[in-house]
Amino acid sequence: MTHRAGRIALLGPAALAGGLALALSVHRPGLAGQAGAGIWFAAALVWLAATLAARDLAALTPRSLTGRRAVGLAVPLLFGFLVLVLWETVVVGAGVPAVLMPPPSAVAARFAAAGPVLASDFVQTCLKAALPGYAIGCLSGLAVAILADRVPGLGRGLLPVADVASALPIVGIAPIMVMWFGFDWPSKAAVVAVMTFFPMLVQAGAGMAATGRIERDLMRTYAAGYGRTLLALRLPTALPFIFTALKVNATLALIGAIVAEFFGTPIVGMGFRISIEAARLSLDMVWAEIALAALAGSAFYGLVALIERATTSWHPAMRGR
């Protein structure tokens, strides 16, 4: 452990400082677009140092929960920093045209300059389309799963249909929803609802079916009706399955809303902006929208994960996390 910690203390700062210096050096007039073997050798050394540091970090097993969480956060942060540094170095050092791949610095500058546009796109796509569709799809999927659990014949007939329907391509659903609900956000929310309905239905159904026979017999000995059994036994048992669907749907909702905007939307929204700016070869704005979508999706997923940790701390999968 001591040797590993020493390597981390040496290689981690060296990789961070070397990567930052490398990304800044390629912007010098004599190196931009004309990087030589020395730059690529330095990039390889930075990659090696960061890889070794990340490997040793991942192998650490701190005793405290705070330490384990810090290690779990440090590894992806180090790897993400390395990816951005090498992206900047390769694109700027090799002189890759911005219409093919803009450097992260250009994307960050555009992200900062286009704040009002990005904010309006976020409201249109995330708050008006993705969130309502997510809520409708998840709640309706859970309700139908409960109904299918209450009526076994319905469940046996419905779940195979749900498995087939969940494979429907979004590019086939989106134009139909636009024709039904118009070009504004309701059609995008409808696409999201369809995409999130079936994962919730399948996962919630599997969760409620996971209750053991002994537990069900015990509830019957207490003369508990279906409603009491549902609230006291079946739904708590299904919570890990339900949160799995909620986390999967957290990313599906944003993807569905963005893709649906490609098929008709007002002049606002992430999908609209990506398609328009790509046609104009403004790739820095396209990547700024992608970065915004990634941040929004990660934040939403993280929020659901925090709620899961708070409500299912009794589950074995949550212990020690």
# chains A, B, ... in the order shown; residues from 1 in each chain; ligands from 1

call {"tool": "residues_around", "arguments": {"residues": "range 82-93 of chain A", "least_positions_apart": "5", "cutoff": "12 Å", "atoms": "only C-alpha atoms", "output": "MDAnalysis selection string"}}
result
chainID A and resid 12 14:51 53:54 75:77 98:108

call {"tool": "closest_residue", "arguments": {"among": "A:Thr221, A:Ala174, A:Asp149, A:Tyr134", "to": "Met200 in chain A", "atoms": "only C-alpha atoms"}}
result
A:Tyr134

call {"tool": "residues_around", "arguments": {"residues": "range 238-241 of chain A", "least_positions_apart": "6", "cutoff": "8 Å", "atoms": "only C-alpha atoms", "output": "count of residues only"}}
result
9

call {"tool": "closest_residue", "arguments": {"among": "A:Ala190, A:Ala130, A:Leu201, A:Ala112", "to": "Ile173 in chain A", "atoms": "only C-alpha atoms"}}
result
A:Ala190

call {"tool": "closest_residue", "arguments": {"among": "A:Val151, A:Ala162, A:Leu233, A:Leu118", "to": "Arg220 in chain A", "atoms": "only C-alpha atoms"}}
result
A:Leu233

call {"tool": "atom_distance", "arguments": {"atom1": "CA of Met270 in chain A", "atom2": "CA of Phe122 in chain A"}}
result
6.8 Å

call {"tool": "select_by_dssp", "arguments": {"residues": "range 179-214 of chain A", "states": "alpha helix (DSSP H)", "output": "ChimeraX atom specification"}}
result
/A:179-181,185-208,213-214

call {"tool": "atom_distance", "arguments": {"atom1": "CA of Leu57 in chain A", "atom2": "CA of Val71 in chain A"}}
result
6.4 Å

call {"tool": "residues_around", "arguments": {"residues": "Met219 in chain A", "least_positions_apart": "3", "cutoff": "12 Å", "atoms": "only C-alpha atoms", "output": "CSV table (one decimal) with N, CA, C and O atoms, in the first residue's frame"}}
result
chain,number,residue,atom,x,y,z
A,211,THR,N,-40.7,-11.2,-5.2
A,211,THR,CA,-41.0,-11.5,-3.8
A,211,THR,C,-41.1,-13.0,-3.5
A,211,THR,O,-41.6,-13.8,-4.4
A,212,GLY,N,-40.6,-13.5,-2.4
A,212,GLY,CA,-40.5,-14.9,-2.1
A,212,GLY,C,-41.9,-15.4,-1.7
A,212,GLY,O,-42.8,-14.7,-1.2
A,213,ARG,N,-42.0,-16.8,-1.9
A,213,ARG,CA,-43.3,-17.4,-1.5
A,213,ARG,C,-43.5,-17.3,0.0
A,213,ARG,O,-44.7,-17.2,0.5
A,214,ILE,N,-42.5,-17.4,0.8
A,214,ILE,CA,-42.6,-17.4,2.3
A,214,ILE,C,-43.1,-16.0,2.7
A,214,ILE,O,-44.0,-15.9,3.6
A,215,GLU,N,-42.6,-14.9,2.1
A,215,GLU,CA,-43.1,-13.6,2.5
A,215,GLU,C,-44.6,-13.4,2.1
A,215,GLU,O,-45.3,-12.8,2.8
A,216,ARG,N,-44.9,-13.9,0.9
A,216,ARG,CA,-46.3,-13.8,0.5
A,216,ARG,C,-47.3,-14.6,1.4
A,216,ARG,O,-48.4,-14.1,1.8
A,222,TYR,N,-51.5,-12.8,7.9
A,222,TYR,CA,-51.9,-11.6,8.6
A,222,TYR,C,-53.2,-11.1,8.0
A,222,TYR,O,-53.7,-10.0,8.4
A,223,ALA,N,-53.8,-11.8,7.1
A,223,ALA,CA,-55.1,-11.4,6.4
A,223,ALA,C,-54.9,-10.1,5.7
A,223,ALA,O,-55.9,-9.3,5.6
A,224,ALA,N,-53.7,-9.9,5.1
A,224,ALA,CA,-53.5,-8.6,4.4
A,224,ALA,C,-54.0,-8.8,3.0
A,224,ALA,O,-53.8,-9.8,2.3
A,225,GLY,N,-54.8,-7.7,2.6
A,225,GLY,CA,-55.3,-7.7,1.2
A,225,GLY,C,-54.2,-7.4,0.2
A,225,GLY,O,-53.0,-7.1,0.6
A,226,TYR,N,-54.6,-7.3,-1.1
A,226,TYR,CA,-53.6,-7.0,-2.1
A,226,TYR,C,-53.0,-5.6,-1.9
A,226,TYR,O,-51.7,-5.5,-2.1
A,227,GLY,N,-53.8,-4.6,-1.6
A,227,GLY,CA,-53.2,-3.3,-1.4
A,227,GLY,C,-52.2,-3.2,-0.3
A,227,GLY,O,-51.1,-2.6,-0.5
A,228,ARG,N,-52.5,-3.8,0.8
A,228,ARG,CA,-51.5,-3.8,1.9
A,228,ARG,C,-50.3,-4.6,1.6
A,228,ARG,O,-49.1,-4.2,1.9
A,229,THR,N,-50.4,-5.7,0.9
A,229,THR,CA,-49.3,-6.5,0.5
A,229,THR,C,-48.4,-5.8,-0.5
A,229,THR,O,-47.2,-5.8,-0.5
A,230,LEU,N,-49.1,-5.0,-1.4
A,230,LEU,CA,-48.4,-4.2,-2.4
A,230,LEU,C,-47.5,-3.2,-1.7
A,230,LEU,O,-46.3,-3.0,-2.1
A,231,LEU,N,-48.1,-2.5,-0.8
A,231,LEU,CA,-47.3,-1.4,-0.1
A,231,LEU,C,-46.3,-1.9,0.8
A,231,LEU,O,-45.2,-1.3,1.0
A,232,ALA,N,-46.6,-3.0,1.5
A,232,ALA,CA,-45.6,-3.4,2.6
A,232,ALA,C,-44.6,-4.4,2.1
A,232,ALA,O,-43.6,-4.6,2.7
A,233,LEU,N,-44.9,-5.1,1.0
A,233,LEU,CA,-44.0,-6.2,0.5
A,233,LEU,C,-43.5,-6.0,-0.9
A,233,LEU,O,-42.3,-5.9,-1.2
A,234,ARG,N,-44.5,-6.0,-1.8
A,234,ARG,CA,-44.1,-6.1,-3.2
A,234,ARG,C,-43.4,-4.9,-3.8
A,234,ARG,O,-42.4,-5.0,-4.5

call {"tool": "closest_residue", "arguments": {"among": "A:Pro97, A:Ala260, A:Thr311, A:Pro266", "to": "Leu283 in chain A", "atoms": "only C-alpha atoms"}}
result
A:Pro97

call {"tool": "residues_around", "arguments": {"residues": "Ala148 in chain A", "least_positions_apart": "4", "cutoff": "10 Å", "atoms": "only C-alpha atoms", "output": "number ranges by chain"}}
result
A: 142-144, 152-159, 201, 205

call {"tool": "write_last_selection", "arguments": {"atoms": "all heavy atoms", "output": "PDB file, in the first residue's frame"}}
result
ATOM      1  N   LEU A 142     -45.114   2.016 -14.356  1.00  0.00           N
ATOM      2  CA  LEU A 142     -45.285   1.432 -13.028  1.00  0.00           C
ATOM      3  C   LEU A 142     -46.741   1.054 -12.774  1.00  0.00           C
ATOM      4  O   LEU A 142     -47.029  -0.013 -12.206  1.00  0.00           O
ATOM      5  CB  LEU A 142     -44.802   2.427 -11.974  1.00  0.00           C
ATOM      6  CG  LEU A 142     -44.915   1.990 -10.514  1.00  0.00           C
ATOM      7  CD1 LEU A 142     -44.119   0.718 -10.259  1.00  0.00           C
ATOM      8  CD2 LEU A 142     -44.451   3.108  -9.586  1.00  0.00           C
ATOM      9  N   ALA A 143     -47.677   1.919 -13.193  1.00  0.00           N
ATOM     10  CA  ALA A 143     -49.093   1.629 -12.985  1.00  0.00           C
ATOM     11  C   ALA A 143     -49.522   0.380 -13.743  1.00  0.00           C
ATOM     12  O   ALA A 143     -50.239  -0.479 -13.210  1.00  0.00           O
ATOM     13  CB  ALA A 143     -49.935   2.837 -13.414  1.00  0.00           C
ATOM     14  N   VAL A 144     -49.078   0.251 -14.993  1.00  0.00           N
ATOM     15  CA  VAL A 144     -49.440  -0.931 -15.778  1.00  0.00           C
ATOM     16  C   VAL A 144     -48.778  -2.179 -15.204  1.00  0.00           C
ATOM     17  O   VAL A 144     -49.361  -3.268 -15.222  1.00  0.00           O
ATOM     18  CB  VAL A 144     -49.058  -0.717 -17.258  1.00  0.00           C
ATOM     19  CG1 VAL A 144     -49.277  -1.986 -18.065  1.00  0.00           C
ATOM     20  CG2 VAL A 144     -49.874   0.421 -17.850  1.00  0.00           C
ATOM     21  N   PRO A 152     -52.911 -11.696 -13.243  1.00  0.00           N
ATOM     22  CA  PRO A 152     -51.823 -12.496 -13.823  1.00  0.00           C
ATOM     23  C   PRO A 152     -51.989 -12.771 -15.315  1.00  0.00           C
ATOM     24  O   PRO A 152     -51.004 -12.773 -16.061  1.00  0.00           O
ATOM     25  CB  PRO A 152     -51.882 -13.795 -13.009  1.00  0.00           C
ATOM     26  CG  PRO A 152     -52.503 -13.392 -11.699  1.00  0.00           C
ATOM     27  CD  PRO A 152     -53.496 -12.328 -12.059  1.00  0.00           C
ATOM     28  N   GLY A 153     -53.207 -12.979 -15.756  1.00  0.00           N
ATOM     29  CA  GLY A 153     -53.412 -13.236 -17.178  1.00  0.00           C
ATOM     30  C   GLY A 153     -52.995 -12.059 -18.042  1.00  0.00           C
ATOM     31  O   GLY A 153     -52.423 -12.233 -19.122  1.00  0.00           O
ATOM     32  N   LEU A 154     -53.246 -10.839 -17.537  1.00  0.00           N
ATOM     33  CA  LEU A 154     -52.835  -9.637 -18.266  1.00  0.00           C
ATOM     34  C   LEU A 154     -51.321  -9.561 -18.348  1.00  0.00           C
ATOM     35  O   LEU A 154     -50.755  -9.201 -19.387  1.00  0.00           O
ATOM     36  CB  LEU A 154     -53.401  -8.397 -17.579  1.00  0.00           C
ATOM     37  CG  LEU A 154     -52.995  -7.048 -18.172  1.00  0.00           C
ATOM     38  CD1 LEU A 154     -53.497  -6.907 -19.602  1.00  0.00           C
ATOM     39  CD2 LEU A 154     -53.528  -5.903 -17.309  1.00  0.00           C
ATOM     40  N   GLY A 155     -50.661  -9.908 -17.259  1.00  0.00           N
ATOM     41  CA  GLY A 155     -49.207  -9.855 -17.255  1.00  0.00           C
ATOM     42  C   GLY A 155     -48.592 -10.830 -18.234  1.00  0.00           C
ATOM     43  O   GLY A 155     -47.640 -10.494 -18.956  1.00  0.00           O
ATOM     44  N   ARG A 156     -49.104 -12.038 -18.300  1.00  0.00           N
ATOM     45  CA  ARG A 156     -48.551 -13.032 -19.234  1.00  0.00           C
ATOM     46  C   ARG A 156     -48.754 -12.624 -20.675  1.00  0.00           C
ATOM     47  O   ARG A 156     -47.949 -12.970 -21.546  1.00  0.00           O
ATOM     48  CB  ARG A 156     -49.187 -14.396 -18.962  1.00  0.00           C
ATOM     49  CG  ARG A 156     -48.700 -15.062 -17.692  1.00  0.00           C
ATOM     50  CD  ARG A 156     -49.115 -16.518 -17.634  1.00  0.00           C
ATOM     51  NE  ARG A 156     -50.560 -16.663 -17.534  1.00  0.00           N
ATOM     52  CZ  ARG A 156     -51.225 -16.745 -16.381  1.00  0.00           C
ATOM     53  NH1 ARG A 156     -50.560 -16.687 -15.234  1.00  0.00           N
ATOM     54  NH2 ARG A 156     -52.535 -16.877 -16.356  1.00  0.00           N
ATOM     55  N   GLY A 157     -49.812 -11.894 -20.952  1.00  0.00           N
ATOM     56  CA  GLY A 157     -50.033 -11.464 -22.330  1.00  0.00           C
ATOM     57  C   GLY A 157     -49.345 -10.158 -22.675  1.00  0.00           C
ATOM     58  O   GLY A 157     -48.968  -9.931 -23.824  1.00  0.00           O
ATOM     59  N   LEU A 158     -49.133  -9.297 -21.654  1.00  0.00           N
ATOM     60  CA  LEU A 158     -48.624  -7.958 -21.914  1.00  0.00           C
ATOM     61  C   LEU A 158     -47.104  -7.895 -21.974  1.00  0.00           C
ATOM     62  O   LEU A 158     -46.534  -7.185 -22.815  1.00  0.00           O
ATOM     63  CB  LEU A 158     -49.134  -6.992 -20.840  1.00  0.00           C
ATOM     64  CG  LEU A 158     -48.769  -5.521 -20.995  1.00  0.00           C
ATOM     65  CD1 LEU A 158     -49.331  -4.962 -22.297  1.00  0.00           C
ATOM     66  CD2 LEU A 158     -49.275  -4.712 -19.809  1.00  0.00           C
ATOM     67  N   LEU A 159     -46.423  -8.629 -21.108  1.00  0.00           N
ATOM     68  CA  LEU A 159     -44.968  -8.507 -21.039  1.00  0.00           C
ATOM     69  C   LEU A 159     -44.263  -8.934 -22.328  1.00  0.00           C
ATOM     70  O   LEU A 159     -43.310  -8.268 -22.751  1.00  0.00           O
ATOM     71  CB  LEU A 159     -44.435  -9.299 -19.848  1.00  0.00           C
ATOM     72  CG  LEU A 159     -44.774  -8.693 -18.477  1.00  0.00           C
ATOM     73  CD1 LEU A 159     -44.209  -9.544 -17.354  1.00  0.00           C
ATOM     74  CD2 LEU A 159     -44.253  -7.271 -18.372  1.00  0.00           C
ATOM     75  N   LEU A 201     -41.990  -0.760 -17.212  1.00  0.00           N
ATOM     76  CA  LEU A 201     -42.952  -1.858 -17.138  1.00  0.00           C
ATOM     77  C   LEU A 201     -42.238  -3.184 -16.897  1.00  0.00           C
ATOM     78  O   LEU A 201     -42.630  -3.967 -16.020  1.00  0.00           O
ATOM     79  CB  LEU A 201     -43.764  -1.901 -18.436  1.00  0.00           C
ATOM     80  CG  LEU A 201     -44.679  -3.114 -18.624  1.00  0.00           C
ATOM     81  CD1 LEU A 201     -45.737  -3.169 -17.522  1.00  0.00           C
ATOM     82  CD2 LEU A 201     -45.340  -3.073 -20.000  1.00  0.00           C
ATOM     83  N   GLY A 205     -42.281  -5.020 -13.219  1.00  0.00           N
ATOM     84  CA  GLY A 205     -42.916  -6.337 -13.205  1.00  0.00           C
ATOM     85  C   GLY A 205     -41.988  -7.408 -12.664  1.00  0.00           C
ATOM     86  O   GLY A 205     -42.401  -8.265 -11.867  1.00  0.00           O
TER      87      GLY A 205
END

call {"tool": "closest_residue", "arguments": {"among": "A:Gly95, A:Pro62, A:Pro169, A:Pro186", "to": "Ile136 in chain A", "atoms": "only C-alpha atoms"}}
result
A:Pro186

call {"tool": "atom_distance", "arguments": {"atom1": "CA of Phe272 in chain A", "atom2": "CA of Ala257 in chain A"}}
result
10.5 Å

call {"tool": "closest_residue", "arguments": {"among": "A:Val259, A:Val194, A:Cys126, A:Ala70", "to": "Leu295 in chain A", "atoms": "only C-alpha atoms"}}
result
A:Cys126

call {"tool": "closest_atom_pairs", "arguments": {"of": "range 195-275 of chain A", "to": "range 180-183 of chain A", "cutoff": "12 Å", "atoms": "only C-alpha atoms", "output": "tab-separated table"}}
result
residue	atom	partner	partner_atom	distance
A:Ala260	CA	A:Phe183	CA	9.8
A:Glu261	CA	A:Phe183	CA	8.5
A:Phe262	CA	A:Phe183	CA	10.5
A:Phe263	CA	A:Phe183	CA	8.4
A:Gly264	CA	A:Phe183	CA	5.5
A:Thr265	CA	A:Phe183	CA	4.8
A:Pro266	CA	A:Phe183	CA	6.6
A:Ile267	CA	A:Phe183	CA	10.3
A:Val268	CA	A:Phe183	CA	11.3
A:Gly269	CA	A:Phe183	CA	11.7
A:Phe272	CA	A:Phe183	CA	11.5

call {"tool": "residues_around", "arguments": {"residues": "Val304 in chain A", "least_positions_apart": "5", "cutoff": "8 Å", "atoms": "only C-alpha atoms", "output": "PyMOL selection string"}}
result
chain A and resi 243+246-247+250

call {"tool": "write_last_selection", "arguments": {"atoms": "N, CA, C and O atoms", "output": "mmCIF file, in the first residue's frame"}}
result
data_model
loop_
_atom_site.group_PDB
_atom_site.id
_atom_site.type_symbol
_atom_site.label_atom_id
_atom_site.label_comp_id
_atom_site.auth_asym_id
_atom_site.auth_seq_id
_atom_site.Cartn_x
_atom_site.Cartn_y
_atom_site.Cartn_z
ATOM 1 N N PHE A 243 -35.643 1.471 -9.516
ATOM 2 C CA PHE A 243 -34.579 2.476 -9.650
ATOM 3 C C PHE A 243 -33.643 2.142 -10.810
ATOM 4 O O PHE A 243 -33.068 3.050 -11.414
ATOM 5 N N LEU A 246 -35.451 3.659 -13.576
ATOM 6 C CA LEU A 246 -35.383 5.116 -13.501
ATOM 7 C C LEU A 246 -34.028 5.635 -13.976
ATOM 8 O O LEU A 246 -33.950 6.666 -14.656
ATOM 9 N N LYS A 247 -32.950 4.933 -13.638
ATOM 10 C CA LYS A 247 -31.622 5.368 -14.067
ATOM 11 C C LYS A 247 -31.427 5.161 -15.563
ATOM 12 O O LYS A 247 -30.846 6.014 -16.247
ATOM 13 N N ALA A 250 -33.367 7.816 -17.287
ATOM 14 C CA ALA A 250 -32.821 9.165 -17.139
ATOM 15 C C ALA A 250 -31.986 9.556 -18.353
ATOM 16 O O ALA A 250 -31.990 10.722 -18.770
#
